[in-house]
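**Q** First the structure, which I've put down as structure tokens, then a few questions once you've had a look.
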Amino acid sequence: MASVETNSDALDVTQAINQQIITKVKYLRRFNDAISNHRDREIYQLLDNQRYAKEIEHREQQPNDKGVMNLVDDLADQLSNHLSENLIKYLGKTYPFFYYEEYQTGHYRIYFGNWWDRRQFGELDVLNVRFSFDQTEYEKLRTAFELSRDNKRYNSERINKISSENDRLQDLIDHQREREERKEALQEQLKDISSRSGIWESSRNKESRQELVEQLQKLEDQEDESRNAVQTIKDNERVVLSLSKENTILSYEQKSIVDTFGSFEDFELANRNLYANYLESLNEANGKQVDSDEQ
Amino acid sequence: MSNNRIVTSPSERVQALSDSFKDVLSLGQKYVDLLDRLAQTKDTKDLLAATIKLTKMDLANAFVNFPPHYKAADYFLIFMDRLLKMHGDTAVNVTENELNHEFEATMASIGNEAIFKFEIDSRGEAAFTEQSQHEPLFYLSLEDKLMQFNNRTLVNYFIIYALNQHTDLELRDAVKPLIDFAKYLQQDLDFTIDLGILATANDRRFMLDKPDLPLTVIDRLFVATADEDYMLMNLPRNNGAELILDQGTKLDIAFDPDDYSQEWAFLVEDPDEQVSFFDVLLHYGLVRKWYLADRDSLAVRTDHMEIADDEEAVPDSASLAVDQSDEEAEVTTKKDDSEENDE
């Protein structure tokens, strides 16, 4: 389509290129300046002008200039590292229960809490100022909040089930002697009945013999189960402990969220508004953090 | 002794009897002098010296029967009573039992049922012992100037037994004069004291008797906090856990991350260094239940201060052998010793 036709057209193209280059250079200069002076708010604006206009300036429909935005794409990790400093400081105050680990440049794992046992809860997306929570873990927390309205815990049902199974097994162990005695009695009866068997055995005799054999088999099965019961109880106890630990972790998490935000809904609301709240907390003049507690 | 001579003539016999009386009379004079000092001296060092002499005095004599007198255990208790009173401390009440003429101590805060006496073993080490449960709460050696609490019996008596009948505050008041007594011994008389789990210094570590602690034991404390207001945190260097209690009090169960042996220990920190591990067990049901349920794993070791038994050419500085025996073993040793307790 574009073919060179006239000289004046060529001049226009050159002009257009130069114009574009000047825009890019201007963008990069601004970027360079903002980075040097740690004006984080301006950096965020330069990274995503559309979002900035909408959420901070409340101006809709400001398209991003694709021609400049991708200029820093390959610097994402380093930029994330640069911007994390103030962001994590801010989050330390607003989300005091989250802890971050930079596992590679610019990439941050979120840990919920610093308690005895804690969960890895997803990652921090610094360039977009948002949490990207691990969905499985997040759903557990949401469910725990829902259950807590009925005074229930996440794993309570499973714990109760295993505990009553353990009670049953303990009962088997405790009644070993009774079983022995019953077995002996049954065997005695069986011997008695068997002596009256033969080809002329009455059907009634046959039936009760069958019944005795079945009862003996049942006792035998219980005996087998009780032989493994000690180990099964121990294994179950281990499972209960780890389920209880998960319950405890979830209850600590709920406590922390309620202490800081009041409710799970307010926590989610704060997450949705994190970008705006954070950028507003950055002083416009120098892009550094405002130290007052106004956010 | 001179009165064992075989004498024949009447005058010699009379003289021998007279000599014996002279011995006894001078012994008697010494005895009453010591009693006066024990009862009246205002000087703690003099009190200690008189008590030591009285505990070692042998009044048995073939010719003269001294009127009823006190035993070494009584002198220990009178010594304790007098030292406390010299400091205006009246929380311990020492009285003479009218029936057997032995002295007994009671503490105002826990009533008269709990009776304490000293019991003395073959090495002359006295154990301040509660009589119904027979728990020796601390050991006292006047000559070696040692005083040491027994961690295991403190838990047995106060945390397991007495807490059924008394409040934590009453028991704290009962233990306080014992701690004060230890401090007076240290301040006035240069005793070496070991408060054990009653110590409140923030840097005091209580090593566990069993060095390898299964982490599931800490898991159980963690799980127990789910229904409480206290949280169990992870220590920054992953070397254990920290339970956040009231008013800035923290209980750590941890090992020293810089020590390769990784021996587990309890540590109690609070802003004023007023809270001991014993206090934590006493006040916090959460910790108490957990500790007692897993006591096999969690028992605190008693580093028993021992006096070197044989006095053969041991340099003074080395005469304090610190024998790291565990709570259990130590109690057994004590029991064995007290069985051969007739000097």
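Going by the structure tokens order, chains are called A, B, ..., each with residues numbered from 1, while ligands are numbered from 1 in the order shown.
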Residues of chain B within 10 Å of chain A, counting only C-alpha atoms, what are they? List them as a ChimeraX atom specification.
**A** /B:216,218-227,229-236,238,240-243
**Q** Considering only strand (DSSP E or B) as DSSP defines it on the backbone, what residues of stretch 18-174 of chain A qualify? List them as a PyMOL selection string.
**A** chain A and resi 98-104+107-112+115+119-125+130-133
**Q** Those residues with C-alpha atoms, as a tab-separated table (two decimals), in the first residue's frame please?
**A**
```
chain	number	residue	atom	x	y	z
A	98	PHE	CA	1.33	-10.19	54.81
A	99	TYR	CA	5.00	-11.03	54.37
A	100	TYR	CA	6.90	-11.02	51.08
A	101	GLU	CA	9.77	-13.00	49.71
A	102	GLU	CA	11.55	-11.88	46.55
A	103	TYR	CA	12.33	-15.31	45.10
A	104	GLN	CA	13.74	-13.77	41.91
A	107	HIS	CA	8.91	-11.43	41.81
A	108	TYR	CA	7.38	-11.60	45.26
A	109	ARG	CA	5.73	-14.48	47.05
A	110	ILE	CA	3.13	-13.55	49.64
A	111	TYR	CA	3.02	-15.34	52.97
A	112	PHE	CA	0.02	-14.93	55.20
A	115	TRP	CA	2.90	-17.57	62.86
A	119	ARG	CA	0.53	-20.51	54.08
A	120	GLN	CA	2.03	-19.20	50.91
A	121	PHE	CA	-0.81	-17.14	49.63
A	122	GLY	CA	0.06	-16.15	46.08
A	123	GLU	CA	2.15	-13.39	44.59
A	124	LEU	CA	2.37	-9.63	44.68
A	125	ASP	CA	1.97	-7.99	41.26
A	130	ARG	CA	-2.52	-5.92	43.08
A	131	PHE	CA	-2.38	-9.20	44.90
A	132	SER	CA	-2.66	-12.27	42.79
A	133	PHE	CA	-3.78	-14.70	45.43
```
**Q** Which neighbours of stretch 66-71 of chain A fall inside 8 Å, counting only C-alpha atoms, when residues of the same chain fewer than 4 positions from it are skipped, and could you give them as a list in words?
**A** Gln20, Thr23, Lys24, Tyr27, Leu46, Leu47 and Asp48 of chain A
**Q** For atom CA of B:Pro214 and atom CA of B:Asp252, quote the distance in Å rounded to one decimal.
**A**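 Atom CA of B:Asp252 lies 15.5 Å from atom CA of B:Pro214.
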**Q** Residues near A:Arg41, anyone? I mean within 6 Å using only C-alpha atoms, not counting same-chain ones fewer than 2 positions away, as a list in words.
**A**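 Surrounding residues, per the criterion: Arg39, Ile43, Tyr44, Leu279 and Gly287 of chain A.
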**Q** For the atom pair atom CA of B:Thr106 and atom CA of B:Leu171, what is the interatomic distance in Å to one decimal place?
**A**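 Separation between atom CA of B:Thr106 and atom CA of B:Leu171: 12.5 Å.
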**Q** When you look at B:Lys53 with a cut-off of 10 Å (counting only C-alpha atoms), what residues show up, excluding the ones that are within fewer than 2 positions of it in the same chain? I need them as a short mmCIF file (atom, residue, chain, number, x, y, z; two decimals) with C-alpha atoms, in the first residue's frame.
**A**
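The result, stored in part-v1.cif:
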```cif
data_model
loop_
_atom_site.label_atom_id
_atom_site.label_comp_id
_atom_site.auth_asym_id
_atom_site.auth_seq_id
_atom_site.Cartn_x
_atom_site.Cartn_y
_atom_site.Cartn_z
CA LYS B 30 28.44 -23.64 124.50
CA TYR B 31 25.02 -24.96 123.59
CA LEU B 34 24.64 -20.83 120.51
CA LEU B 48 24.63 -18.47 109.97
CA ALA B 49 27.68 -19.44 112.05
CA ALA B 50 25.56 -20.29 115.10
CA THR B 51 23.13 -22.33 113.02
CA THR B 55 23.25 -28.43 113.41
CA LYS B 56 26.53 -30.27 113.98
CA MET B 57 26.47 -30.36 117.74
CA ASP B 58 26.22 -33.78 119.35
CA ALA B 72 19.20 -29.96 112.96
CA TYR B 75 17.65 -25.09 113.37
CA GLU B 143 28.32 -24.80 104.96
#
```
**Q** Would you list the contacts of stretch 143-152 of chain A as a PyMOL selection string, taking every protein, DNA or RNA residue within 8 Å and counting only C-alpha atoms, but skipping same-chain residues closer than 2 positions in sequence?
**A** chain A and resi 139-141+154+156+250-251+254+264
**Q** Can you list, as an mmCIF file with N, CA and C atoms, in the first residue's frame, every protein, DNA or RNA residue that comes within 10 Å of B:Gln133 when you count only C-alpha atoms, leaving out same-chain residues fewer than 3 positions away?
**A**
```
data_model
loop_
_atom_site.group_PDB
_atom_site.id
_atom_site.type_symbol
_atom_site.label_atom_id
_atom_site.label_comp_id
_atom_site.auth_asym_id
_atom_site.auth_seq_id
_atom_site.Cartn_x
_atom_site.Cartn_y
_atom_site.Cartn_z
ATOM 1 N N ALA B 114 -0.950 -26.829 104.505
ATOM 2 C CA ALA B 114 0.338 -27.088 103.864
ATOM 3 C C ALA B 114 1.452 -26.811 104.864
ATOM 4 N N ILE B 115 2.095 -27.887 105.318
ATOM 5 C CA ILE B 115 3.131 -27.765 106.338
ATOM 6 C C ILE B 115 4.493 -28.076 105.726
ATOM 7 N N THR B 129 10.755 -29.187 102.531
ATOM 8 C CA THR B 129 9.848 -30.192 101.981
ATOM 9 C C THR B 129 8.433 -30.030 102.493
ATOM 10 N N GLU B 130 7.496 -30.059 101.554
ATOM 11 C CA GLU B 130 6.090 -30.025 101.936
ATOM 12 C C GLU B 130 5.724 -31.414 102.422
ATOM 13 N N PRO B 136 10.327 -32.029 97.931
ATOM 14 C CA PRO B 136 11.388 -31.111 98.371
ATOM 15 C C PRO B 136 11.516 -29.942 97.399
ATOM 16 N N THR B 153 9.876 -30.598 91.386
ATOM 17 C CA THR B 153 8.962 -30.611 92.526
ATOM 18 C C THR B 153 8.150 -29.319 92.609
ATOM 19 N N ASN B 156 5.400 -30.214 90.405
ATOM 20 C CA ASN B 156 4.569 -31.237 91.043
ATOM 21 C C ASN B 156 3.702 -30.647 92.140
ATOM 22 N N TYR B 157 4.337 -29.875 93.011
ATOM 23 C CA TYR B 157 3.595 -29.403 94.170
ATOM 24 C C TYR B 157 2.640 -28.263 93.825
ATOM 25 N N TYR B 161 -0.494 -30.046 92.094
ATOM 26 C CA TYR B 161 -1.262 -30.355 93.310
ATOM 27 C C TYR B 161 -1.987 -29.134 93.890
ATOM 28 N N ALA B 162 -1.211 -28.126 94.274
ATOM 29 C CA ALA B 162 -1.796 -27.039 95.062
ATOM 30 C C ALA B 162 -2.783 -26.185 94.268
#
```
**Q** Using DSSP on the backbone coordinates, identify all residues within stretch 142-202 of chain A classified as helix (DSSP H, G or I); present the result as a PyMOL selection string.
**A** chain A and resi 142-148+156-174+176-195
